[in-house]
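**Q** To be precise about what I am sending: the file is called coords.cif and holds mmCIF, C-alpha atoms.
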data_coords
#
loop_
_atom_site.group_PDB
_atom_site.id
_atom_site.type_symbol
_atom_site.label_atom_id
_atom_site.label_comp_id
_atom_site.auth_asym_id
_atom_site.auth_seq_id
_atom_site.Cartn_x
_atom_site.Cartn_y
_atom_site.Cartn_z
ATOM 1 C CA MET Y 1 -86.798 -61.514 0.310
ATOM 2 C CA LEU Y 2 -85.795 -58.330 -1.395
ATOM 3 C CA LEU Y 3 -88.958 -56.321 -1.951
ATOM 4 C CA ASN Y 4 -89.938 -54.609 -5.172
ATOM 5 C CA GLU Y 5 -90.084 -51.333 -3.295
ATOM 6 C CA ALA Y 6 -86.376 -51.575 -2.542
ATOM 7 C CA ILE Y 7 -85.513 -52.335 -6.155
ATOM 8 C CA THR Y 8 -87.583 -49.391 -7.327
ATOM 9 C CA HIS Y 9 -85.706 -47.184 -4.882
ATOM 10 C CA MET Y 10 -82.365 -48.406 -6.226
ATOM 11 C CA VAL Y 11 -83.471 -47.713 -9.793
ATOM 12 C CA SER Y 12 -84.482 -44.166 -8.835
ATOM 13 C CA TYR Y 13 -81.207 -43.637 -6.993
ATOM 14 C CA ILE Y 14 -79.069 -44.727 -9.936
ATOM 15 C CA ALA Y 15 -81.118 -42.713 -12.410
ATOM 16 C CA GLY Y 16 -80.761 -39.720 -10.097
ATOM 17 C CA VAL Y 17 -77.006 -39.771 -9.700
ATOM 18 C CA ILE Y 18 -75.972 -40.477 -13.293
ATOM 19 C CA ASP Y 19 -75.852 -37.077 -14.904
ATOM 20 C CA GLU Y 20 -72.932 -36.922 -17.359
ATOM 21 C CA GLY Y 21 -71.488 -38.613 -20.406
ATOM 22 C CA GLN Y 22 -68.172 -38.265 -22.184
ATOM 23 C CA LEU Y 23 -66.411 -39.587 -25.268
ATOM 24 C CA GLY Y 24 -62.791 -40.609 -25.702
ATOM 25 C CA THR Y 25 -60.388 -41.972 -28.263
ATOM 26 C CA ALA Y 26 -58.798 -44.993 -26.569
ATOM 27 C CA GLY Y 27 -59.819 -48.390 -27.875
ATOM 28 C CA THR Y 28 -58.464 -50.534 -25.070
ATOM 29 C CA LEU Y 29 -60.894 -53.148 -23.845
ATOM 30 C CA THR Y 30 -63.006 -52.320 -20.836
ATOM 31 C CA ASP Y 31 -61.877 -53.654 -17.501
ATOM 32 C CA PRO Y 32 -63.496 -53.500 -14.063
ATOM 33 C CA THR Y 33 -60.456 -51.608 -12.786
ATOM 34 C CA ASP Y 34 -60.947 -48.773 -15.285
ATOM 35 C CA THR Y 35 -61.253 -45.399 -13.569
ATOM 36 C CA GLY Y 36 -62.670 -43.537 -16.505
ATOM 37 C CA LEU Y 37 -61.978 -43.206 -20.195
ATOM 38 C CA GLY Y 38 -58.619 -44.251 -21.570
ATOM 39 C CA ASN Y 39 -58.169 -40.952 -23.358
ATOM 40 C CA ALA Y 40 -61.027 -38.569 -22.647
ATOM 41 C CA VAL Y 41 -61.786 -35.633 -24.928
ATOM 42 C CA PRO Y 42 -62.702 -32.893 -22.422
ATOM 43 C CA ALA Y 43 -64.846 -30.917 -24.865
ATOM 44 C CA THR Y 44 -67.316 -33.783 -25.090
ATOM 45 C CA LEU Y 45 -68.117 -33.855 -21.375
ATOM 46 C CA ALA Y 46 -71.799 -32.939 -21.185
ATOM 47 C CA SER Y 47 -74.894 -33.575 -19.148
ATOM 48 C CA ALA Y 48 -76.874 -36.754 -19.654
ATOM 49 C CA THR Y 49 -80.527 -37.390 -18.895
ATOM 50 C CA THR Y 50 -82.112 -40.587 -17.643
ATOM 51 C CA GLU Y 51 -85.470 -42.249 -18.234
ATOM 52 C CA ILE Y 52 -86.968 -45.035 -16.127
ATOM 53 C CA SER Y 53 -89.190 -47.808 -17.472
ATOM 54 C CA ASP Y 54 -89.924 -50.340 -14.744
ATOM 55 C CA ASN Y 55 -86.442 -51.404 -13.575
ATOM 56 C CA GLN Y 56 -84.760 -50.277 -16.768
ATOM 57 C CA ILE Y 57 -82.790 -47.035 -16.980
ATOM 58 C CA THR Y 58 -82.001 -45.410 -20.316
ATOM 59 C CA ILE Y 59 -79.246 -42.814 -20.307
ATOM 60 C CA ASN Y 60 -79.442 -40.226 -23.058
ATOM 61 C CA PHE Y 61 -76.471 -38.119 -24.222
ATOM 62 C CA ASN Y 62 -75.947 -35.714 -27.114
ATOM 63 C CA LYS Y 63 -72.865 -34.392 -28.859
ATOM 64 C CA LEU Y 64 -73.585 -31.536 -31.222
ATOM 65 C CA SER Y 65 -71.979 -31.209 -34.648
ATOM 66 C CA THR Y 66 -70.096 -28.121 -33.464
ATOM 67 C CA VAL Y 67 -68.288 -29.977 -30.675
ATOM 68 C CA ALA Y 68 -65.017 -31.941 -30.969
ATOM 69 C CA THR Y 69 -65.064 -32.514 -34.719
ATOM 70 C CA ALA Y 70 -62.551 -34.373 -36.893
ATOM 71 C CA ILE Y 71 -61.789 -36.713 -34.016
ATOM 72 C CA THR Y 72 -62.222 -40.484 -34.190
ATOM 73 C CA PHE Y 73 -63.950 -41.649 -31.023
ATOM 74 C CA ARG Y 74 -63.674 -45.201 -29.736
ATOM 75 C CA GLU Y 75 -64.994 -45.096 -26.173
ATOM 76 C CA TYR Y 76 -67.824 -43.634 -24.120
ATOM 77 C CA GLU Y 77 -68.636 -43.515 -20.433
ATOM 78 C CA VAL Y 78 -71.530 -42.495 -18.214
ATOM 79 C CA ARG Y 79 -70.703 -40.726 -14.979
ATOM 80 C CA ASP Y 80 -71.971 -39.359 -11.730
ATOM 81 C CA GLY Y 81 -70.427 -35.932 -12.161
ATOM 82 C CA THR Y 82 -71.351 -34.669 -8.715
ATOM 83 C CA ASN Y 83 -69.443 -37.414 -6.954
ATOM 84 C CA SER Y 84 -66.932 -38.087 -9.749
ATOM 85 C CA VAL Y 85 -67.918 -41.728 -10.089
ATOM 86 C CA ASP Y 86 -67.469 -43.518 -13.411
ATOM 87 C CA TRP Y 87 -70.306 -45.994 -13.875
ATOM 88 C CA THR Y 88 -69.692 -47.788 -17.123
ATOM 89 C CA ARG Y 89 -67.408 -47.603 -20.158
ATOM 90 C CA PHE Y 90 -68.072 -48.878 -23.668
ATOM 91 C CA VAL Y 91 -65.560 -49.423 -26.469
ATOM 92 C CA PHE Y 92 -66.633 -49.439 -30.098
ATOM 93 C CA THR Y 93 -65.380 -49.256 -33.685
ATOM 94 C CA GLY Y 94 -63.922 -45.815 -34.357
ATOM 95 C CA GLN Y 95 -66.474 -43.196 -35.343
ATOM 96 C CA THR Y 96 -65.223 -39.897 -36.752
ATOM 97 C CA ALA Y 97 -67.193 -36.825 -35.744
ATOM 98 C CA LEU Y 98 -68.138 -34.691 -38.742
ATOM 99 C CA THR Y 99 -69.015 -31.013 -38.660
ATOM 100 C CA THR Y 100 -72.412 -31.896 -40.116
ATOM 101 C CA ASP Y 101 -73.552 -34.588 -37.695
ATOM 102 C CA ASP Y 102 -75.251 -34.386 -34.327
ATOM 103 C CA TRP Y 103 -74.728 -37.538 -32.261
ATOM 104 C CA ASN Y 104 -77.190 -39.142 -29.899
ATOM 105 C CA ILE Y 105 -76.029 -41.925 -27.582
ATOM 106 C CA LYS Y 106 -78.296 -44.143 -25.518
ATOM 107 C CA VAL Y 107 -77.194 -46.663 -22.916
ATOM 108 C CA ARG Y 108 -79.389 -49.135 -21.065
ATOM 109 C CA LEU Y 109 -78.964 -50.348 -17.505
ATOM 110 C CA PHE Y 110 -81.248 -52.826 -15.766
ATOM 111 C CA VAL Y 111 -81.538 -53.452 -12.034
ATOM 112 C CA LYS Y 112 -82.559 -56.984 -11.125
ATOM 113 C CA ARG Y 113 -82.435 -59.708 -8.534
ATOM 114 C CA ILE Y 114 -79.510 -62.059 -8.960
ATOM 115 C CA MET S 1 -65.739 -72.386 -8.229
ATOM 116 C CA THR S 2 -64.968 -69.521 -5.869
ATOM 117 C CA GLU S 3 -62.886 -69.976 -2.764
ATOM 118 C CA GLU S 4 -65.931 -69.260 -0.630
ATOM 119 C CA ARG S 5 -67.994 -71.827 -2.507
ATOM 120 C CA SER S 6 -65.173 -74.366 -2.174
ATOM 121 C CA LYS S 7 -65.130 -73.873 1.566
ATOM 122 C CA GLN S 8 -68.879 -74.169 1.645
ATOM 123 C CA GLN S 9 -68.782 -77.436 -0.285
ATOM 124 C CA GLN S 10 -66.024 -78.751 1.962
ATOM 125 C CA ASN S 11 -68.074 -77.883 5.018
ATOM 126 C CA VAL S 12 -71.041 -79.759 3.602
ATOM 127 C CA ASN S 13 -68.827 -82.777 2.966
ATOM 128 C CA ASP S 14 -67.341 -82.582 6.468
ATOM 129 C CA ASP S 15 -70.753 -82.331 8.061
ATOM 130 C CA GLN S 16 -72.430 -85.202 6.248
ATOM 131 C CA GLY S 17 -74.595 -87.018 8.743
ATOM 132 C CA VAL S 18 -75.302 -83.893 10.780
ATOM 133 C CA PRO S 19 -78.612 -82.820 9.191
ATOM 134 C CA ASP S 20 -79.044 -79.470 10.918
ATOM 135 C CA ARG S 21 -75.597 -78.320 9.900
ATOM 136 C CA VAL S 22 -76.072 -79.522 6.338
ATOM 137 C CA ASN S 23 -79.450 -77.802 6.042
ATOM 138 C CA GLN S 24 -78.021 -74.556 7.336
ATOM 139 C CA LEU S 25 -75.267 -74.614 4.734
ATOM 140 C CA MET S 26 -77.513 -75.669 1.868
ATOM 141 C CA PHE S 27 -79.807 -72.693 2.435
ATOM 142 C CA PHE S 28 -76.863 -70.408 1.671
ATOM 143 C CA ASP S 29 -77.952 -70.261 -1.972
ATOM 144 C CA GLU S 30 -81.240 -68.607 -1.068
ATOM 145 C CA ILE S 31 -79.545 -65.361 -0.104
ATOM 146 C CA GLU S 32 -80.749 -62.728 -2.548
ATOM 147 C CA SER S 33 -78.687 -60.003 -4.159
ATOM 148 C CA LEU S 34 -79.311 -57.004 -6.339
ATOM 149 C CA GLY S 35 -77.397 -56.432 -9.550
ATOM 150 C CA VAL S 36 -77.057 -53.773 -12.230
ATOM 151 C CA GLU S 37 -76.938 -55.246 -15.715
ATOM 152 C CA VAL S 38 -75.113 -53.132 -18.272
ATOM 153 C CA GLY S 39 -77.062 -53.290 -21.503
ATOM 154 C CA SER S 40 -76.701 -51.907 -24.977
ATOM 155 C CA PHE S 41 -74.841 -48.854 -26.259
ATOM 156 C CA ARG S 42 -76.327 -47.153 -29.319
ATOM 157 C CA LEU S 43 -74.864 -44.249 -31.269
ATOM 158 C CA TYR S 44 -77.071 -42.491 -33.802
ATOM 159 C CA LYS S 45 -75.995 -39.706 -36.159
ATOM 160 C CA ARG S 46 -78.070 -37.034 -37.823
ATOM 161 C CA ASP S 47 -76.821 -34.906 -40.718
ATOM 162 C CA THR S 48 -77.986 -31.431 -39.732
ATOM 163 C CA SER S 49 -76.300 -29.562 -42.584
ATOM 164 C CA PRO S 50 -79.613 -28.737 -44.308
ATOM 165 C CA ASP S 51 -80.894 -27.240 -41.067
ATOM 166 C CA THR S 52 -78.408 -24.307 -40.863
ATOM 167 C CA ILE S 53 -76.768 -22.850 -37.773
ATOM 168 C CA TRP S 54 -80.199 -22.236 -36.321
ATOM 169 C CA GLY S 55 -80.468 -25.914 -35.649
ATOM 170 C CA LYS S 56 -83.588 -27.460 -37.023
ATOM 171 C CA PHE S 57 -84.959 -24.165 -38.297
ATOM 172 C CA ASN S 58 -84.051 -22.502 -41.569
ATOM 173 C CA TRP S 59 -84.213 -18.827 -40.646
ATOM 174 C CA GLY S 60 -86.294 -17.084 -43.286
ATOM 175 C CA GLY S 61 -86.259 -20.120 -45.497
ATOM 176 C CA ALA S 62 -88.829 -22.569 -46.663
ATOM 177 C CA ASN S 63 -87.779 -25.139 -44.105
ATOM 178 C CA TRP S 64 -89.429 -23.438 -41.116
ATOM 179 C CA ASP S 65 -91.199 -26.631 -40.245
ATOM 180 C CA GLY S 66 -89.951 -27.184 -36.723
ATOM 181 C CA ASP S 67 -88.324 -30.420 -37.651
ATOM 182 C CA TYR S 68 -85.013 -31.759 -38.872
ATOM 183 C CA THR S 69 -84.605 -32.495 -42.557
ATOM 184 C CA ASN S 70 -82.775 -35.795 -42.056
ATOM 185 C CA LEU S 71 -83.634 -38.708 -39.818
ATOM 186 C CA PRO S 72 -81.006 -40.127 -37.459
ATOM 187 C CA VAL S 73 -79.062 -43.058 -38.865
ATOM 188 C CA ILE S 74 -77.493 -45.799 -36.868
ATOM 189 C CA GLY S 75 -73.737 -45.495 -36.349
ATOM 190 C CA VAL S 76 -72.788 -48.309 -34.024
ATOM 191 C CA VAL S 77 -74.448 -50.638 -31.516
ATOM 192 C CA VAL S 78 -72.494 -52.727 -29.033
ATOM 193 C CA ASN S 79 -73.426 -54.806 -26.023
ATOM 194 C CA TYR S 80 -71.260 -55.457 -23.020
ATOM 195 C CA LEU S 81 -69.824 -58.988 -23.273
ATOM 196 C CA ASN S 82 -71.829 -59.429 -26.491
ATOM 197 C CA ARG S 83 -75.028 -60.072 -24.541
ATOM 198 C CA PHE S 84 -78.225 -58.319 -25.566
ATOM 199 C CA THR S 85 -81.433 -58.415 -23.551
ATOM 200 C CA GLU S 86 -84.796 -57.033 -24.638
ATOM 201 C CA ARG S 87 -87.466 -56.767 -21.965
ATOM 202 C CA PHE S 88 -89.974 -54.795 -24.016
ATOM 203 C CA PHE S 89 -90.238 -51.760 -21.783
ATOM 204 C CA ASP S 90 -89.636 -49.505 -24.764
ATOM 205 C CA SER S 91 -89.655 -49.780 -28.534
ATOM 206 C CA VAL S 92 -86.216 -48.436 -29.415
ATOM 207 C CA PHE S 93 -85.173 -51.750 -30.965
ATOM 208 C CA LYS S 94 -88.503 -52.375 -32.677
ATOM 209 C CA ASP S 95 -88.433 -52.293 -36.476
ATOM 210 C CA THR S 96 -91.816 -50.693 -36.906
ATOM 211 C CA SER S 97 -91.940 -51.157 -40.655
ATOM 212 C CA SER S 98 -91.363 -54.920 -40.383
ATOM 213 C CA THR S 99 -93.427 -55.648 -37.268
ATOM 214 C CA SER S 100 -97.101 -56.503 -37.676
ATOM 215 C CA THR S 101 -99.391 -53.821 -36.325
ATOM 216 C CA ALA S 102 -101.298 -56.440 -34.321
ATOM 217 C CA VAL S 103 -98.180 -57.271 -32.311
ATOM 218 C CA THR S 104 -97.858 -55.443 -29.009
ATOM 219 C CA TRP S 105 -94.280 -54.357 -28.285
ATOM 220 C CA ALA S 106 -93.326 -51.817 -25.639
ATOM 221 C CA SER S 107 -94.191 -50.135 -22.387
ATOM 222 C CA ALA S 108 -95.818 -53.086 -20.621
ATOM 223 C CA GLY S 109 -92.763 -55.325 -20.515
ATOM 224 C CA THR S 110 -94.182 -57.878 -22.905
ATOM 225 C CA LEU S 111 -94.183 -58.807 -26.575
ATOM 226 C CA SER S 112 -97.610 -60.196 -27.363
ATOM 227 C CA PHE S 113 -98.845 -61.887 -30.499
ATOM 228 C CA PRO S 114 -102.573 -62.104 -31.214
ATOM 229 C CA LEU S 115 -104.356 -65.423 -31.361
ATOM 230 C CA THR S 116 -106.076 -64.870 -34.654
ATOM 231 C CA ALA S 117 -103.361 -64.520 -37.261
ATOM 232 C CA THR S 118 -99.758 -65.240 -38.104
ATOM 233 C CA THR S 119 -97.841 -62.130 -37.177
ATOM 234 C CA THR S 120 -94.224 -61.054 -37.024
ATOM 235 C CA ALA S 121 -92.050 -59.017 -34.704
ATOM 236 C CA GLN S 122 -88.684 -57.855 -35.994
ATOM 237 C CA SER S 123 -85.891 -55.904 -34.385
ATOM 238 C CA LEU S 124 -83.614 -53.168 -35.581
ATOM 239 C CA PRO S 125 -79.902 -54.022 -35.363
ATOM 240 C CA ILE S 126 -78.983 -55.102 -31.838
ATOM 241 C CA HIS S 127 -75.300 -55.224 -32.839
ATOM 242 C CA TYR S 128 -74.069 -52.986 -35.625
ATOM 243 C CA ASN S 129 -70.810 -51.970 -37.271
ATOM 244 C CA ASN S 130 -68.520 -53.544 -34.685
ATOM 245 C CA GLU S 131 -67.025 -56.710 -36.242
ATOM 246 C CA ASN S 132 -68.732 -59.677 -37.884
ATOM 247 C CA VAL S 133 -71.146 -61.803 -35.911
ATOM 248 C CA ILE S 134 -70.215 -65.447 -36.423
ATOM 249 C CA LYS S 135 -72.474 -67.269 -33.949
ATOM 250 C CA ALA S 136 -75.490 -66.415 -31.808
ATOM 251 C CA THR S 137 -77.891 -68.035 -29.366
ATOM 252 C CA ILE S 138 -81.373 -66.813 -28.550
ATOM 253 C CA PHE S 139 -83.016 -67.395 -25.158
ATOM 254 C CA THR S 140 -86.638 -66.627 -24.409
ATOM 255 C CA LYS S 141 -88.915 -66.213 -21.408
ATOM 256 C CA GLY S 142 -92.668 -65.987 -21.512
ATOM 257 C CA THR S 143 -95.819 -67.987 -22.127
ATOM 258 C CA THR S 144 -96.067 -70.719 -24.787
ATOM 259 C CA THR S 145 -92.819 -69.520 -26.302
ATOM 260 C CA THR S 146 -92.399 -72.820 -28.153
ATOM 261 C CA ALA S 147 -95.355 -71.922 -30.370
ATOM 262 C CA ALA S 148 -93.274 -69.232 -32.026
ATOM 263 C CA THR S 149 -90.581 -69.497 -34.661
ATOM 264 C CA TYR S 150 -87.335 -67.611 -34.223
ATOM 265 C CA TRP S 151 -84.888 -66.294 -36.777
ATOM 266 C CA LEU S 152 -81.606 -64.438 -36.546
ATOM 267 C CA SER S 153 -79.779 -62.495 -39.220
ATOM 268 C CA SER S 154 -76.147 -61.419 -39.111
ATOM 269 C CA ASP S 155 -76.282 -59.463 -42.378
ATOM 270 C CA ASP S 156 -78.926 -56.829 -41.657
ATOM 271 C CA GLY S 157 -81.874 -59.009 -42.603
ATOM 272 C CA SER S 158 -80.696 -59.949 -46.091
ATOM 273 C CA ASN S 159 -80.653 -63.595 -45.015
ATOM 274 C CA TRP S 160 -82.670 -64.989 -42.106
ATOM 275 C CA GLU S 161 -81.553 -68.222 -40.459
ATOM 276 C CA THR S 162 -83.788 -70.329 -38.228
ATOM 277 C CA ALA S 163 -82.736 -70.267 -34.589
ATOM 278 C CA THR S 164 -83.694 -72.839 -31.975
ATOM 279 C CA PRO S 165 -83.865 -71.266 -28.503
ATOM 280 C CA SER S 166 -80.922 -72.167 -26.277
ATOM 281 C CA THR S 167 -79.036 -73.702 -29.207
ATOM 282 C CA GLU S 168 -76.078 -71.916 -30.760
ATOM 283 C CA LEU S 169 -76.513 -70.957 -34.385
ATOM 284 C CA THR S 170 -73.487 -70.675 -36.679
ATOM 285 C CA PHE S 171 -74.337 -68.177 -39.378
ATOM 286 C CA THR S 172 -74.004 -69.145 -43.010
ATOM 287 C CA ASN S 173 -74.310 -65.522 -44.080
ATOM 288 C CA ILE S 174 -72.052 -63.357 -41.968
ATOM 289 C CA GLY S 175 -72.248 -59.620 -41.436
ATOM 290 C CA GLN S 176 -72.057 -56.846 -38.864
ATOM 291 C CA SER S 177 -75.745 -56.162 -38.354
ATOM 292 C CA LEU S 178 -77.461 -58.642 -36.028
ATOM 293 C CA LYS S 179 -81.273 -58.701 -35.904
ATOM 294 C CA PHE S 180 -83.925 -61.063 -34.558
ATOM 295 C CA ARG S 181 -87.359 -61.975 -35.924
ATOM 296 C CA ILE S 182 -90.163 -63.854 -34.185
ATOM 297 C CA GLU S 183 -93.349 -65.212 -35.751
ATOM 298 C CA ASN S 184 -96.273 -66.899 -34.056
ATOM 299 C CA ASP S 185 -98.242 -69.755 -35.579
ATOM 300 C CA GLY S 186 -101.557 -67.909 -35.665
ATOM 301 C CA ALA S 187 -103.247 -70.521 -33.517
ATOM 302 C CA THR S 188 -101.541 -69.971 -30.178
ATOM 303 C CA ALA S 189 -101.294 -66.835 -28.093
ATOM 304 C CA VAL S 190 -97.616 -66.156 -27.454
ATOM 305 C CA THR S 191 -96.332 -63.669 -24.921
ATOM 306 C CA LEU S 192 -92.641 -63.018 -24.391
ATOM 307 C CA THR S 193 -91.261 -61.148 -21.399
ATOM 308 C CA GLU S 194 -87.609 -61.421 -22.309
ATOM 309 C CA VAL S 195 -85.465 -62.161 -25.346
ATOM 310 C CA LYS S 196 -81.781 -62.587 -24.641
ATOM 311 C CA ILE S 197 -79.225 -63.046 -27.389
ATOM 312 C CA THR S 198 -75.603 -63.921 -26.822
ATOM 313 C CA TYR S 199 -73.246 -63.813 -29.764
ATOM 314 C CA LYS S 200 -69.661 -64.383 -30.816
ATOM 315 C CA LEU S 201 -67.584 -62.166 -33.113
#
Spit out the file's structure as structure tokens when you get a sec.
**A**
Amino acid sequence: MLLNEAITHMVSYIAGVIDEGQLGTAGTLTDPTDTGLGNAVPATLASATTEISDNQITINFNKLSTVATAITFREYEVRDGTNSVDWTRFVFTGQTALTTDDWNIKVRLFVKRI
Amino acid sequence: MTEERSKQQQNVNDDQGVPDRVNQLMFFDEIESLGVEVGSFRLYKRDTSPDTIWGKFNWGGANWDGDYTNLPVIGVVVNYLNRFTERFFDSVFKDTSSTSTAVTWASAGTLSFPLTATTTAQSLPIHYNNENVIKATIFTKGTTTTAATYWLSSDDGSNWETATPSTELTFTNIGQSLKFRIENDGATAVTLTEVKITYKL
């Protein structure tokens, strides 16, 4: 049987390697073969932090109001920047970045037995 | 059925009457794997215009309070494959103003209702501003979960519709803000360890 200790180690590993987030403008549906954002906006690439609660990982990312404004974003990804690995990509209804608004994005991952 | 599973089933059929071989193949399903479940994506926005270029501080002004003027507001919430799971390890989806203070939500991995009174737990939007939610199904895990009543709302809580666990609900009142509400009967201690909601747009 897979021991809890091993799962905890996997959670720590994932939380340790995910360190970046980025926004993009492509609204194409996500696909397992995606290798990143459909149309990344380079200025939005920034560090992300992770929090662990049991086997749940929350990834926290901020885009300040001074960055990449007047752009309508439709996609977001979390990355392992050190190893250039794209972990997950989300697509959403277009959100236009205003010069007045700071953005905060949170993503949840959960490691479990299957 | 995957190709591997088809072969496995064929092998079982071929080996009927050879118990050891059949047993060996049947135990295949006990192999354990580890998976990463992709959960919710939440985007919040905060209007910082009253806070000046100094961020949350108004330099020399009356707003030197170390805090932002405006609270964050929800922009969009989506879930991969339209599946949301709450395991109660944090309270980010807890609607504090609509959840009874006696209800325990967060940190311990459980949602617990007290035995002594009828109490309510209510979520913030678990899907927001990303197309209308037409149908949804709630699934629960925990102790004496049948002693609770479950509601779902597709229109930000304006209309709550009774949901039977594991049975698909077709919303009468449709919107783009999906929430859940759970109420105990006041006579039974209810503890939930997981609430999963699948929905269709």
**Q** I'd like the neighbourhood of Gly35 of chain S as an MDAnalysis selection string, where a residue qualifies if any of its atoms comes within 8 Å (using all atoms listed in the file), though same-chain residues fewer than 6 positions away should be ignored.
**A** chainID Y and resid 111:114
**Q** May I ask for the distance between atom CA of Met10 of chain Y and atom CA of Ala46 of chain Y, given in Å to one decimal place?
**A** 24.0 Å
**Q** If you count only C-alpha atoms, which residues fall within 9 Å of segment 11-27 of chain Y, apart from same-chain ones fewer than 4 positions away, as a CSV table (one decimal) with C-alpha atoms, keeping the file's coordinate frame?
**A**
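Written file, result_3.csv:
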chain,number,residue,atom,x,y,z
Y,6,ALA,CA,-86.4,-51.6,-2.5
Y,7,ILE,CA,-85.5,-52.3,-6.2
Y,37,LEU,CA,-62.0,-43.2,-20.2
Y,38,GLY,CA,-58.6,-44.3,-21.6
Y,39,ASN,CA,-58.2,-41.0,-23.4
Y,40,ALA,CA,-61.0,-38.6,-22.6
Y,41,VAL,CA,-61.8,-35.6,-24.9
Y,42,PRO,CA,-62.7,-32.9,-22.4
Y,43,ALA,CA,-64.8,-30.9,-24.9
Y,44,THR,CA,-67.3,-33.8,-25.1
Y,45,LEU,CA,-68.1,-33.9,-21.4
Y,46,ALA,CA,-71.8,-32.9,-21.2
Y,47,SER,CA,-74.9,-33.6,-19.1
Y,48,ALA,CA,-76.9,-36.8,-19.7
Y,49,THR,CA,-80.5,-37.4,-18.9
Y,50,THR,CA,-82.1,-40.6,-17.6
Y,51,GLU,CA,-85.5,-42.2,-18.2
Y,52,ILE,CA,-87.0,-45.0,-16.1
Y,54,ASP,CA,-89.9,-50.3,-14.7
Y,55,ASN,CA,-86.4,-51.4,-13.6
Y,56,GLN,CA,-84.8,-50.3,-16.8
Y,57,ILE,CA,-82.8,-47.0,-17.0
Y,58,THR,CA,-82.0,-45.4,-20.3
Y,59,ILE,CA,-79.2,-42.8,-20.3
Y,60,ASN,CA,-79.4,-40.2,-23.1
Y,61,PHE,CA,-76.5,-38.1,-24.2
Y,62,ASN,CA,-75.9,-35.7,-27.1
Y,71,ILE,CA,-61.8,-36.7,-34.0
Y,72,THR,CA,-62.2,-40.5,-34.2
Y,73,PHE,CA,-64.0,-41.6,-31.0
Y,74,ARG,CA,-63.7,-45.2,-29.7
Y,75,GLU,CA,-65.0,-45.1,-26.2
Y,76,TYR,CA,-67.8,-43.6,-24.1
Y,77,GLU,CA,-68.6,-43.5,-20.4
Y,78,VAL,CA,-71.5,-42.5,-18.2
Y,79,ARG,CA,-70.7,-40.7,-15.0
Y,80,ASP,CA,-72.0,-39.4,-11.7
Y,81,GLY,CA,-70.4,-35.9,-12.2
Y,82,THR,CA,-71.4,-34.7,-8.7
Y,83,ASN,CA,-69.4,-37.4,-7.0
Y,85,VAL,CA,-67.9,-41.7,-10.1
Y,87,TRP,CA,-70.3,-46.0,-13.9
Y,91,VAL,CA,-65.6,-49.4,-26.5
Y,92,PHE,CA,-66.6,-49.4,-30.1
Y,93,THR,CA,-65.4,-49.3,-33.7
Y,94,GLY,CA,-63.9,-45.8,-34.4
Y,110,PHE,CA,-81.2,-52.8,-15.8
Y,111,VAL,CA,-81.5,-53.5,-12.0
**Q** Would you translate the PyMOL selection byres ((chain Y and resi 1) around 7) into the concrete set of residues it matches in this file, as a PyMOL selection string?
**A** (chain Y and resi 2-3) or (chain S and resi 32)
**Q** Between S:Glu86, S:Asp67, S:Asp155, S:Glu161, which is the closest to chain Y once you count all atoms listed in the file?
**A** S:Glu86
**Q** Within 8 Å of chain Y, which residues of chain S come that close, and what is the closest atom pair and distance in Å for each? Count only C-alpha atoms and give it as a tab-separated table.
**A**
residue	atom	partner	partner_atom	distance
S:Glu32	CA	Y:Ile114	CA	6.6
S:Ser33	CA	Y:Ile114	CA	5.3
S:Leu34	CA	Y:Arg113	CA	4.7
S:Gly35	CA	Y:Lys112	CA	5.4
S:Val36	CA	Y:Val111	CA	4.5
S:Glu37	CA	Y:Phe110	CA	4.9
S:Val38	CA	Y:Leu109	CA	4.8
S:Gly39	CA	Y:Arg108	CA	4.8
S:Ser40	CA	Y:Arg108	CA	5.5
S:Phe41	CA	Y:Val107	CA	4.6
S:Arg42	CA	Y:Lys106	CA	5.2
S:Leu43	CA	Y:Ile105	CA	4.5
S:Tyr44	CA	Y:Asn104	CA	5.1
S:Lys45	CA	Y:Trp103	CA	4.6
S:Arg46	CA	Y:Asp101	CA	5.1
S:Asp47	CA	Y:Asp101	CA	4.5
S:Thr48	CA	Y:Thr100	CA	5.6
S:Ser49	CA	Y:Thr100	CA	5.2
S:Gly75	CA	Y:Gln95	CA	7.7
S:Val76	CA	Y:Phe92	CA	7.4
S:Val78	CA	Y:Phe92	CA	6.8
S:Tyr80	CA	Y:Phe90	CA	7.3
S:Phe89	CA	Y:Ser53	CA	5.9
S:Asp90	CA	Y:Ser53	CA	7.5
S:Ser107	CA	Y:Ser53	CA	7.4
S:Asn129	CA	Y:Thr93	CA	7.1
S:Asn130	CA	Y:Thr93	CA	5.4
**Q** Considering all atoms listed in the file, return as a list of chain:residue names whatever protein or nucleic-acid residues lie within 6 Å of segment 182-194 of chain S, sequence-local ones (same chain, fewer than 2 positions apart) excluded.
**A** S:Glu86, S:Arg87, S:Thr110, S:Leu111, S:Ser112, S:Phe113, S:Pro114, S:Leu115, S:Thr116, S:Ala117, S:Thr118, S:Thr119, S:Thr120, S:Ala121, S:Thr140, S:Lys141, S:Gly142, S:Thr143, S:Thr144, S:Thr145, S:Ala148, S:Thr149, S:Tyr150
**Q** Given only C-alpha atoms as the basis, pick out the residue of S:Tyr68, S:Phe139, S:Trp151, S:Phe180 nearest to Leu124 of chain S.
**A**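 Among the listed residues, S:Phe180 lies closest to Leu124 of chain S.
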**Q** Could you check how far atom CA of Leu29 of chain Y sits from atom CA of Lys196 of chain S, in Å to one decimal?
**A** 22.9 Å
**Q** I would like the residues chosen by the PyMOL selection byres ((chain S and resi 169) around 7) on the shown file; could you give them as a PyMOL selection string?
**A** chain S and resi 135-137+163+167-168+170-171
**Q** One decimal, Å: what's the distance from atom CA of Ile138 of chain S over to atom CA of Thr104 of chain S, could you say?
**A**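 About the pair atom CA of Ile138 of chain S and atom CA of Thr104 of chain S: they are 20.0 Å apart.
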